[in-house]
Each structure stands twice: as structure tokens, then as C-alpha cells.
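Before any comments, here is the structure.
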Amino acid sequence: MTSHRTFPADDFGIYYVLAECTDYYDTLPATEANKSQPHPQGVTGLRNLGNTCYMNAILQCLCSISPLVEYFLTGKYITALQKDCSEVATTFAYLMTDMWLGDSDCVSPEIFRSALGNLYPMFMKKTQQDAQEFLIYVLSELHEALKKYLRRSYEKRSTQRCCRKTIANETSIITRLFEGQLNYGIMCLKCENCTYKNEVFTVLSLSIPSKYECSLQDCLQCFFQQDTLTWNNQIHCSFCATKQETSVRASISKAPKIIIFHLKRFDIQGTTKRKLRTDIHYPLTNLDLTPYICPIFRKHPKYNLCAVVNHFGDLDGGHYTAFCKNSVTQAWYSFDDTRVSEIPDTSVQTSTAYLLFYSCQSFSTPIQKCKS
């Protein structure tokens, strides 16, 4: 059902309404039992170090992914560490430990930020950065620090030529959880020769097909629909020995355990910049990816939402927050830097969603390292 509430064009109106709701719940009287009860594990705020809300939102989402957290809390990461690039992974482990096992209601991500900032100085500046770009850098650096080499690389083939899954020669906790693979079927429209190309991904960037309102399935259908490449976009055909008009269709040949969707709200064409404020409806449970996954690889076609990154404002200035489902309490929480509050399921769907994290499996409470 579409809300009839109107908000200012800059969509900060939604942020202020959510903030007012949080303030209201914060002022409610607490029972004596609630006063003495510590905050749930994994429900910890993060200090803003100067326009670092983009970083805090991403870290909260990663902190909500139990298999990733467990890998660091149990110390499994230590044996995989590459000596020449271990600082980012080590400080990430310390931060996850503080957020899950610490006593504070909020902690500072400063050490982790410094480690990443040594490699990417733009994250040390007190200027707003794009949360999706930050996520890609974090996942890339964690992979580099924790990767192991396999003996060989090969392709797992099926009877269907269009379904080929390439087995990479590097693996890590990041590739095991987040890495998927797209298979592009490319057909010359003159000779009808077909070729196939594989491409790995950790984030799927989805165009938004409507200006006002659409669904996540609409965005997915737009991404996976057949495209025809003409004129300057023609592809060279080896059989025709010249460039020809070509049809291209993508499918998922390897579905990741955690699939991340980037909703392309920022549109930049030359000097013109705008933000698409389309209200995109996305399911909290049972997102069906069956139509887009190659049939023989449909092991986990349905996904449940586990985290959301929201963006308020415009391209030149704005604010990021996160909604995350906690694996201990099974409740949803809103993370706005140091402000943390439990929210009902009905509040998770908003028109400010920018990144969506879906999991094909339910999360359990992360196992912690046993104390000797």
C-alpha cells in the first residue's frame, strides 16, 4: 500500500520522522529489568568521525552477517592472514569483537578507518563518500588479506552450454559468502552464432525503471532482460569477421549466499546530477530469484532481507543510516551512527533504500572463541 504522507523534495523529511519516532521510544519509561539488561550482542552504535555515516552504515550491515562475524570472532581469520596486507582485516576483527562482545553502547571505528585510509586516502578526509564504493573497497581488501590459492582454475560445465560456472583460483571468506557469477549469452543477429562470457560480482547494480514507484522485481527484470546492441555498440563476430548487431542476455550461473543489490539512485549525465527518489518496494522474505538463475544452479533461489543501507538528501550532501536484523533477537534495528533503536518490520520498507543485503539462509548466533 502506498503511503499518502508527503515529504519535502530532499527526502530528509522521512529522516526527521524516523528520528522523532526514535526520540519518542527513547523517552518511554523502562522497567527495572530493562534498565539492568545489557544491550543485545551485535547491537552497538558507531561514532561519527566527521561525515563517516557512509562507513558506519556499511559496517553495521557487515556486522549483522553472522557467518562473517563468526569467522572473525572465532579467530579463524588469523591462519588465513597474508602478512603483507593484514592490517585492514585485523582491525576489522577488533571492531567486530567490540561490536559483538563489548560492553559499550557505542564504539569508535577510528582504527579500522585509519588502516583502510592508509590504502585509500579519500576515506581519511572529512567529506561524504559513496557507501556502495566504500563497501566494494572493504570487501576487496578483506579478500586480499584472507585469500588462499587453489591449485587450478577450471570450468564446471553442464549439458547446457549457456550454464558454465568458473571455479576461481582464489578463495576467501568474502568469495564464499558474497561472490556470485553472471553468464552472458551473446548472439550475432546475422549468423546467430552464440558465445558465452562469465563475470564475477559482489554487488549487482540495478537501474531503476520508474521515476515514481516500482518493485525490486521490476529492477531485476530490467537488468536481466535481453538487450540488443546496435550502431556504435556492435560487437565483433568471429564468424562474420566484422562488427554485427548483437543480442545479449545475462543469467546468474553462481548465486552467492549473500546477494547485495545496489539501487542506482544517483544519475550523472555530463554536468547534470540528480537523485532518483523512486519508492522501490522490496520483500523482507522470500525474494524469488528463480527466473534469473541458470536452472542447474538453483540451489537457493529464495532470499530473505538481512540489512539495508538508506540514503537521505542529494548527491552533494546527505546522510546514511542502516537497518539490520539481529541474529540473536531476530528483531530489526535502526543504526544512525551512535543512535540505535529497535524498529518493527513494517518500518524496514522505505523509499530511501540504497543498498539491499539478502541471504539465502537464516542466520544463527555467531559462535565465539572459547576462552582457555
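Quick note on naming: the chains in the C-alpha cells go A, B, ... in the order shown, residues restart at 1 in each chain, and ligands are numbered from 1 in order of appearance.
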* Please provide the set of residues having any atom within 10 Å of region 218-234 of chain A, restricted to only C-alpha atoms, with same-chain residues fewer than 6 positions apart removed, written as a PyMOL selection string. => chain A and resi 184-189+204-210+242-252+261+263-264+280-281+289+291-292
* Asked: Quick one: residues within 7 Å of region 307-316 of chain A, only C-alpha atoms counted, chain neighbours fewer than 3 positions away excluded, as a list in words?
  -> Asp10, Asp11, Phe12, Tyr15, Ala57, Cys61, Phe266, Arg274, Lys275, His319, Tyr320, Thr321, Ala322, Phe323, Cys324, Lys325, Thr352, Ala353, Tyr354, Leu355, Leu356 and Phe357 of chain A
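Residues of region 285-359 of chain A that DSSP, applied to the backbone, places in helix (DSSP H, G or I): A:Thr290, A:Pro291, A:Tyr292, A:Pro295, A:Ile296, A:Phe297, A:Asp345, A:Thr346, A:Ser347.
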Resulting file, chosen residues, C-alpha atoms, as a compact mmCIF listing (two decimals), in the first residue's frame:
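Printed below is again_15.txt as written:
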# COMPACT_ATOMS: atom_id res chain seq x y z
CA THR A 290 14.43 -18.41 -9.85
CA PRO A 291 13.78 -16.63 -13.18
CA TYR A 292 17.33 -15.27 -13.26
CA PRO A 295 18.31 -23.99 -13.89
CA ILE A 296 21.03 -26.43 -12.81
CA PHE A 297 22.36 -23.95 -10.22
CA ASP A 345 9.25 -5.00 10.50
CA THR A 346 6.83 -2.54 8.91
CA SER A 347 9.41 0.27 9.21
* Asked: Neighbours of region 119-122 of chain A within 10 Å (only C-alpha atoms; same-chain residues fewer than 4 positions away dropped), as a list of chain:residue names?
  -> A:Val88, A:Arg113, A:Ser114, A:Ala115, A:Lys126, A:Thr127, A:Gln128, A:Gln129, A:Phe134, A:Tyr137, A:Glu141
* Could you give me, as a ChimeraX atom specification, the residues within 8 Å of Asp105 (chain A), counting only C-alpha atoms and dropping anything in the same chain fewer than 2 positions from it? => /A:39,43-45,103,107,338
Output the selection as a PDB file, in the first residue's frame - all heavy atoms for each residue.
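File part.pdb, as written:
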ATOM      1  N   HIS A  39      22.694  -4.324  26.432  1.00  0.00           N
ATOM      2  CA  HIS A  39      22.202  -4.302  25.062  1.00  0.00           C
ATOM      3  C   HIS A  39      22.528  -5.625  24.384  1.00  0.00           C
ATOM      4  O   HIS A  39      23.520  -6.280  24.702  1.00  0.00           O
ATOM      5  CB  HIS A  39      22.827  -3.139  24.298  1.00  0.00           C
ATOM      6  CG  HIS A  39      24.319  -3.224  24.149  1.00  0.00           C
ATOM      7  ND1 HIS A  39      24.921  -3.870  23.104  1.00  0.00           N
ATOM      8  CD2 HIS A  39      25.332  -2.748  24.919  1.00  0.00           C
ATOM      9  CE1 HIS A  39      26.237  -3.795  23.223  1.00  0.00           C
ATOM     10  NE2 HIS A  39      26.512  -3.123  24.313  1.00  0.00           N
ATOM     11  N   VAL A  43      24.415  -5.234  18.728  1.00  0.00           N
ATOM     12  CA  VAL A  43      23.590  -4.020  18.650  1.00  0.00           C
ATOM     13  C   VAL A  43      24.367  -2.896  19.323  1.00  0.00           C
ATOM     14  O   VAL A  43      24.159  -2.569  20.484  1.00  0.00           O
ATOM     15  CB  VAL A  43      22.211  -4.223  19.304  1.00  0.00           C
ATOM     16  CG1 VAL A  43      21.356  -2.967  19.143  1.00  0.00           C
ATOM     17  CG2 VAL A  43      21.495  -5.414  18.678  1.00  0.00           C
ATOM     18  N   THR A  44      25.302  -2.323  18.579  1.00  0.00           N
ATOM     19  CA  THR A  44      26.221  -1.323  19.105  1.00  0.00           C
ATOM     20  C   THR A  44      26.342  -0.171  18.125  1.00  0.00           C
ATOM     21  O   THR A  44      26.532  -0.395  16.926  1.00  0.00           O
ATOM     22  CB  THR A  44      27.617  -1.939  19.345  1.00  0.00           C
ATOM     23  OG1 THR A  44      27.502  -3.067  20.225  1.00  0.00           O
ATOM     24  CG2 THR A  44      28.573  -0.921  19.951  1.00  0.00           C
ATOM     25  N   GLY A  45      26.230   1.048  18.621  1.00  0.00           N
ATOM     26  CA  GLY A  45      26.373   2.215  17.760  1.00  0.00           C
ATOM     27  C   GLY A  45      27.821   2.480  17.383  1.00  0.00           C
ATOM     28  O   GLY A  45      28.754   1.944  17.995  1.00  0.00           O
ATOM     29  N   ASP A 103      31.101  -4.026  26.041  1.00  0.00           N
ATOM     30  CA  ASP A 103      30.073  -3.577  26.989  1.00  0.00           C
ATOM     31  C   ASP A 103      29.517  -2.205  26.631  1.00  0.00           C
ATOM     32  O   ASP A 103      28.511  -1.781  27.201  1.00  0.00           O
ATOM     33  CB  ASP A 103      30.658  -3.514  28.412  1.00  0.00           C
ATOM     34  CG  ASP A 103      31.109  -4.887  28.901  1.00  0.00           C
ATOM     35  OD1 ASP A 103      30.451  -5.881  28.526  1.00  0.00           O
ATOM     36  OD2 ASP A 103      32.107  -4.960  29.633  1.00  0.00           O
ATOM     37  N   VAL A 107      30.951   2.336  19.928  1.00  0.00           N
ATOM     38  CA  VAL A 107      32.408   2.248  19.842  1.00  0.00           C
ATOM     39  C   VAL A 107      32.879   3.108  18.683  1.00  0.00           C
ATOM     40  O   VAL A 107      32.091   3.542  17.845  1.00  0.00           O
ATOM     41  CB  VAL A 107      32.872   0.782  19.644  1.00  0.00           C
ATOM     42  CG1 VAL A 107      32.500  -0.068  20.835  1.00  0.00           C
ATOM     43  CG2 VAL A 107      32.285   0.202  18.365  1.00  0.00           C
ATOM     44  N   THR A 338      25.616   6.806  16.407  1.00  0.00           N
ATOM     45  CA  THR A 338      25.535   6.316  17.786  1.00  0.00           C
ATOM     46  C   THR A 338      24.107   6.017  18.226  1.00  0.00           C
ATOM     47  O   THR A 338      23.892   5.391  19.266  1.00  0.00           O
ATOM     48  CB  THR A 338      26.145   7.345  18.763  1.00  0.00           C
ATOM     49  OG1 THR A 338      25.464   8.598  18.611  1.00  0.00           O
ATOM     50  CG2 THR A 338      27.630   7.539  18.485  1.00  0.00           C
TER      51      THR A 338
END
* Asked: How many Å separate CA of Thr202 (chain A) from CA of Leu276 (chain A)?
  ->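 The value is 23.1 Å.
Distances to Tyr94 (chain A) were evaluated for A:Gly318, A:Gly75, A:Pro256, A:Pro40 using only C-alpha atoms, and the minimum falls at A:Gly75.
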I want to know what sits within 7 Å of Ala131 (chain A), based on only C-alpha atoms, with residues of the same chain fewer than 6 positions away left out; could you give that as a PDB file with N, CA, C and O atoms, in the first residue's frame?
ATOM      1  N   TYR A  54      28.535   7.059   6.004  1.00  0.00           N
ATOM      2  CA  TYR A  54      28.580   6.047   4.941  1.00  0.00           C
ATOM      3  C   TYR A  54      29.332   4.816   5.417  1.00  0.00           C
ATOM      4  O   TYR A  54      28.940   3.669   5.133  1.00  0.00           O
ATOM      5  N   MET A  55      30.425   5.015   6.141  1.00  0.00           N
ATOM      6  CA  MET A  55      31.224   3.918   6.673  1.00  0.00           C
ATOM      7  C   MET A  55      30.469   3.187   7.776  1.00  0.00           C
ATOM      8  O   MET A  55      30.417   1.950   7.810  1.00  0.00           O
ATOM      9  N   ILE A  58      27.697   0.859   6.417  1.00  0.00           N
ATOM     10  CA  ILE A  58      28.232  -0.375   5.817  1.00  0.00           C
ATOM     11  C   ILE A  58      28.746  -1.325   6.896  1.00  0.00           C
ATOM     12  O   ILE A  58      28.474  -2.538   6.852  1.00  0.00           O
TER      13      ILE A  58
END
* Near-Lys257 (chain A) list (6 Å; only C-alpha atoms; drop same-chain fewer than 6 positions) as a PyMOL selection string -> chain A and resi 177+359-360
Write a file of the selected residues as a tab-separated table (two decimals), in the first residue's frame, keeping all heavy atoms.
chain	number	residue	atom	x	y	z
A	177	LEU	N	31.06	-16.11	0.69
A	177	LEU	CA	29.78	-15.53	1.11
A	177	LEU	C	29.17	-14.61	0.06
A	177	LEU	O	27.96	-14.66	-0.18
A	177	LEU	CB	29.97	-14.74	2.42
A	177	LEU	CG	30.24	-15.54	3.69
A	177	LEU	CD1	30.45	-14.58	4.87
A	177	LEU	CD2	29.11	-16.50	3.99
A	359	SER	N	20.03	-12.75	2.14
A	359	SER	CA	20.70	-14.02	2.44
A	359	SER	C	19.81	-15.19	2.06
A	359	SER	O	18.59	-15.14	2.24
A	359	SER	CB	21.04	-14.10	3.93
A	359	SER	OG	21.52	-15.38	4.27
A	360	CYS	N	20.42	-16.26	1.54
A	360	CYS	CA	19.65	-17.45	1.17
A	360	CYS	C	19.47	-18.39	2.35
A	360	CYS	O	18.77	-19.40	2.26
A	360	CYS	CB	20.31	-18.20	0.02
A	360	CYS	SG	21.94	-18.87	0.41
* Residues of region 137-273 of chain A in strand (DSSP E) according to DSSP, as JSON, numbers by chain? -> {"A": [148, 149, 154, 155, 156, 157, 164, 165, 166, 167, 170, 171, 180, 181, 182, 183, 184, 185, 186, 187, 188, 194, 195, 196, 197, 198, 199, 200, 201, 203, 204, 205, 206, 213, 214, 215, 227, 228, 229, 235, 236, 237, 242, 243, 244, 246, 247, 248, 249, 250, 251, 252, 253, 254, 258, 259, 260, 261, 262, 263, 266, 267, 268, 269, 272, 273]}
* To do: For Val200 (chain A), please output as a PyMOL selection string all residues within 7 Å (counting only C-alpha atoms; exclusion window: fewer than 5 positions along the same chain).
  => chain A and resi 179-182
